[in-house]
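Pasted below: final_21.csv, CSV, C-alpha atoms.
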```
chain,number,residue,atom,x,y,z
A,1,MET,CA,234.4,-93.6,-1.5
A,2,TYR,CA,231.9,-96.4,-1.8
A,3,LYS,CA,229.0,-94.0,-1.6
A,4,THR,CA,230.3,-91.8,-4.4
A,5,ALA,CA,231.1,-94.9,-6.5
A,6,PHE,CA,227.6,-96.2,-5.9
A,7,GLU,CA,226.1,-92.8,-6.9
A,8,ASP,CA,228.2,-92.8,-10.1
A,9,ILE,CA,227.1,-96.2,-11.1
A,10,LYS,CA,223.5,-95.3,-10.3
A,11,LYS,CA,223.8,-92.2,-12.5
A,12,VAL,CA,225.3,-94.2,-15.4
A,13,TYR,CA,222.7,-96.9,-15.3
A,14,GLN,CA,219.7,-94.6,-14.7
A,15,PRO,CA,218.7,-94.5,-18.4
A,16,MET,CA,218.6,-98.3,-18.5
A,17,ILE,CA,216.5,-98.3,-15.4
A,18,GLU,CA,214.1,-95.8,-17.0
A,19,LEU,CA,213.9,-97.9,-20.1
A,20,GLY,CA,213.1,-101.0,-18.0
A,21,GLU,CA,210.3,-99.1,-16.2
A,22,ILE,CA,208.9,-98.0,-19.5
A,23,GLY,CA,208.9,-101.6,-20.8
A,24,LYS,CA,207.4,-102.9,-17.6
A,25,LYS,CA,204.6,-100.3,-17.6
A,26,THR,CA,203.8,-101.0,-21.2
A,27,ALA,CA,203.8,-104.7,-20.7
A,28,GLU,CA,201.6,-104.5,-17.7
A,29,THR,CA,199.1,-102.2,-19.4
A,30,MET,CA,199.1,-104.4,-22.6
A,31,LEU,CA,198.5,-107.5,-20.5
A,32,LYS,CA,195.6,-105.8,-18.7
A,33,GLU,CA,194.0,-104.7,-21.9
A,34,TYR,CA,194.5,-108.2,-23.4
A,35,SER,CA,193.0,-109.8,-20.4
A,36,GLU,CA,189.9,-107.6,-20.6
A,37,TYR,CA,189.6,-108.3,-24.3
A,38,SER,CA,189.9,-112.0,-23.8
A,39,ARG,CA,187.3,-112.0,-21.0
A,40,GLU,CA,184.9,-110.0,-23.2
A,41,LEU,CA,185.6,-112.3,-26.2
A,42,VAL,CA,184.8,-115.4,-24.2
A,43,SER,CA,181.6,-113.9,-22.8
A,44,SER,CA,180.4,-112.7,-26.2
A,45,SER,CA,181.2,-116.1,-27.7
A,46,ILE,CA,179.1,-117.9,-25.0
A,47,ASN,CA,176.2,-115.5,-25.6
A,48,GLN,CA,176.5,-116.0,-29.3
A,49,ALA,CA,176.4,-119.8,-28.9
A,50,LYS,CA,173.3,-119.5,-26.7
A,51,GLN,CA,171.7,-117.2,-29.3
A,52,LEU,CA,172.5,-119.6,-32.1
A,53,ALA,CA,171.1,-122.6,-30.2
A,54,SER,CA,167.8,-120.8,-29.6
A,55,ALA,CA,167.4,-119.6,-33.2
A,56,LYS,CA,164.1,-120.7,-34.7
A,57,ASP,CA,165.3,-120.8,-38.3
A,58,ILE,CA,168.5,-120.7,-40.4
A,59,VAL,CA,167.9,-117.1,-41.5
A,60,ALA,CA,167.7,-115.9,-37.9
A,61,ALA,CA,170.9,-117.8,-37.1
A,62,PHE,CA,172.7,-116.2,-40.1
A,63,ASP,CA,171.5,-112.8,-39.1
A,64,ALA,CA,172.7,-113.3,-35.5
A,65,GLN,CA,176.0,-114.5,-36.8
A,66,ALA,CA,176.4,-111.5,-39.1
A,67,VAL,CA,175.8,-109.1,-36.1
A,68,TYR,CA,178.2,-111.0,-34.0
A,69,ALA,CA,180.9,-110.9,-36.6
A,70,LYS,CA,180.5,-107.1,-37.0
A,71,ASN,CA,180.7,-106.6,-33.2
A,72,LEU,CA,183.7,-108.9,-33.0
A,73,ASP,CA,185.4,-106.9,-35.8
A,74,SER,CA,184.8,-103.6,-34.1
A,75,LYS,CA,186.1,-105.0,-30.8
A,76,PHE,CA,189.2,-106.3,-32.5
A,77,VAL,CA,189.9,-103.0,-34.2
A,78,SER,CA,189.3,-101.1,-31.0
A,79,ASN,CA,191.7,-103.4,-29.1
A,80,ALA,CA,194.3,-103.1,-31.9
A,81,GLN,CA,194.1,-99.3,-31.7
A,82,LYS,CA,194.6,-99.3,-27.9
A,83,GLN,CA,197.6,-101.6,-28.3
A,84,MET,CA,199.1,-99.4,-31.0
A,85,GLY,CA,198.6,-96.3,-28.8
A,86,LEU,CA,200.4,-98.0,-26.0
A,87,MET,CA,203.3,-98.9,-28.2
A,88,LEU,CA,203.5,-95.3,-29.6
A,89,GLU,CA,203.6,-93.9,-26.0
A,90,ALA,CA,206.4,-96.3,-25.1
A,91,ARG,CA,208.3,-95.4,-28.2
A,92,ASP,CA,208.0,-91.7,-27.5
A,93,ALA,CA,209.1,-92.2,-23.8
A,94,SER,CA,212.0,-94.4,-24.9
A,95,SER,CA,213.0,-91.8,-27.6
A,96,LYS,CA,213.0,-89.1,-24.9
A,97,VAL,CA,215.3,-91.2,-22.7
A,98,PHE,CA,217.7,-91.8,-25.6
A,99,ASP,CA,217.7,-88.2,-26.6
A,100,GLU,CA,218.6,-87.2,-23.0
A,101,LEU,CA,221.3,-89.8,-23.0
A,102,SER,CA,222.7,-88.7,-26.3
A,103,ASP,CA,222.8,-85.1,-25.1
A,104,ALA,CA,224.5,-86.1,-21.8
A,105,TYR,CA,227.2,-88.1,-23.6
A,106,SER,CA,227.7,-85.4,-26.2
A,107,SER,CA,228.3,-82.8,-23.5
A,108,ALA,CA,230.6,-85.2,-21.6
A,109,MET,CA,232.5,-85.8,-24.8
A,110,LYS,CA,232.9,-82.1,-25.5
A,111,SER,CA,234.0,-81.5,-21.9
A,112,TRP,CA,236.6,-84.3,-22.2
A,113,MET,CA,237.8,-83.0,-25.6
A,114,THR,CA,238.3,-79.5,-24.2
A,115,GLN,CA,240.3,-80.9,-21.3
A,116,PHE,CA,242.4,-83.0,-23.7
A,117,LYS,CA,243.2,-80.0,-25.8
A,118,ALA,CA,244.3,-77.9,-22.9
```
Transcribe the structure of this file into structure tokens.
Amino acid sequence: MYKTAFEDIKKVYQPMIELGEIGKKTAETMLKEYSEYSRELVSSSINQAKQLASAKDIVAAFDAQAVYAKNLDSKFVSNAQKQMGLMLEARDASSKVFDELSDAYSSAMKSWMTQFKA
């Protein structure tokens, strides 16, 4: 009796477990990407500070700063695209779980209604 009750509860909560796993996987991947981006940002900032400190004139410093800003922009856009891709993957996976759940509840409701009519 307890074994079947546990199996029934597990079956009912399986979609929530799947959604939790999707969220966990997405969060872990996003944190990993953010960590790499932050590390790269700090490293490039230190290199930029060294380059600006060693610049011989103001024109060279401005040129170096312009190159740094362009590189920073491309890194930011690349990171944003990765994050958006991860969010879209999570949305698609979550939608699949909800679709399966909706189908399961619809079929259960139809089954219940046919039993009720009989």
(Q) Is it possible to get the residues within 12 Å of (189.8, -103.3, -30.7) (coordinates as in the file, counting only C-alpha atoms) written as a list of chain:residue names? (A)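 Selection result: A:Glu33, A:Tyr34, A:Glu36, A:Tyr37, A:Ser38, A:Glu40, A:Leu41, A:Lys70, A:Asn71, A:Leu72, A:Asp73, A:Ser74, A:Lys75, A:Phe76, A:Val77, A:Ser78, A:Asn79, A:Ala80, A:Gln81, A:Lys82, A:Gln83, A:Met84, A:Gly85.
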Q) atom CA of A:Val12 and atom CA of A:Thr114, how far apart in Å? A)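 Taking atom CA of A:Thr114 and atom CA of A:Val12, their separation equals 21.5 Å.
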Q: One decimal, Å: what's the distance from atom CA of A:Met30 over to atom CA of A:Ser45, could you say?
A: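 Straight-line distance from atom CA of A:Met30 to atom CA of A:Ser45 works out to 22.0 Å.
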Q: Using all atoms listed in the file, find the one residue out of A:Ala93, A:Ile46, A:Ala60, A:Met113 that sits nearest to A:Gly20.
A: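 Smallest separation from A:Gly20 among the options: A:Ala93.
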Q: Give the answer as one residue: which of A:Val67, A:Leu86, A:Ile9, A:Met16 has the shortest atom-to-atom distance to A:Glu28, using only C-alpha atoms?
A: A:Leu86
(Q) Here is a test: counting all atoms listed in the file, which residue of A:Ser35, A:Gln65, A:Thr26, A:Ser102 is nearest to A:Ala49? (A) A:Gln65
**Q.** Coordinates-based distance that separates atom CA of A:Phe6 from atom CA of A:Glu100 (Å, one decimal)
**A.** 21.3 Å
**Q.** For A:Pro15: contacts at 12 Å, only C-alpha atoms, fewer than 6 positions along chain excluded, given as a ChimeraX atom specification
**A.** /A:9,21-22,93-102,104-105
Could you take the residues named above and write them with C-alpha atoms, as a CSV table (one decimal), in the frame of the given file?
```
chain,number,residue,atom,x,y,z
A,9,ILE,CA,227.1,-96.2,-11.1
A,21,GLU,CA,210.3,-99.1,-16.2
A,22,ILE,CA,208.9,-98.0,-19.5
A,93,ALA,CA,209.1,-92.2,-23.8
A,94,SER,CA,212.0,-94.4,-24.9
A,95,SER,CA,213.0,-91.8,-27.6
A,96,LYS,CA,213.0,-89.1,-24.9
A,97,VAL,CA,215.3,-91.2,-22.7
A,98,PHE,CA,217.7,-91.8,-25.6
A,99,ASP,CA,217.7,-88.2,-26.6
A,100,GLU,CA,218.6,-87.2,-23.0
A,101,LEU,CA,221.3,-89.8,-23.0
A,102,SER,CA,222.7,-88.7,-26.3
A,104,ALA,CA,224.5,-86.1,-21.8
A,105,TYR,CA,227.2,-88.1,-23.6
```
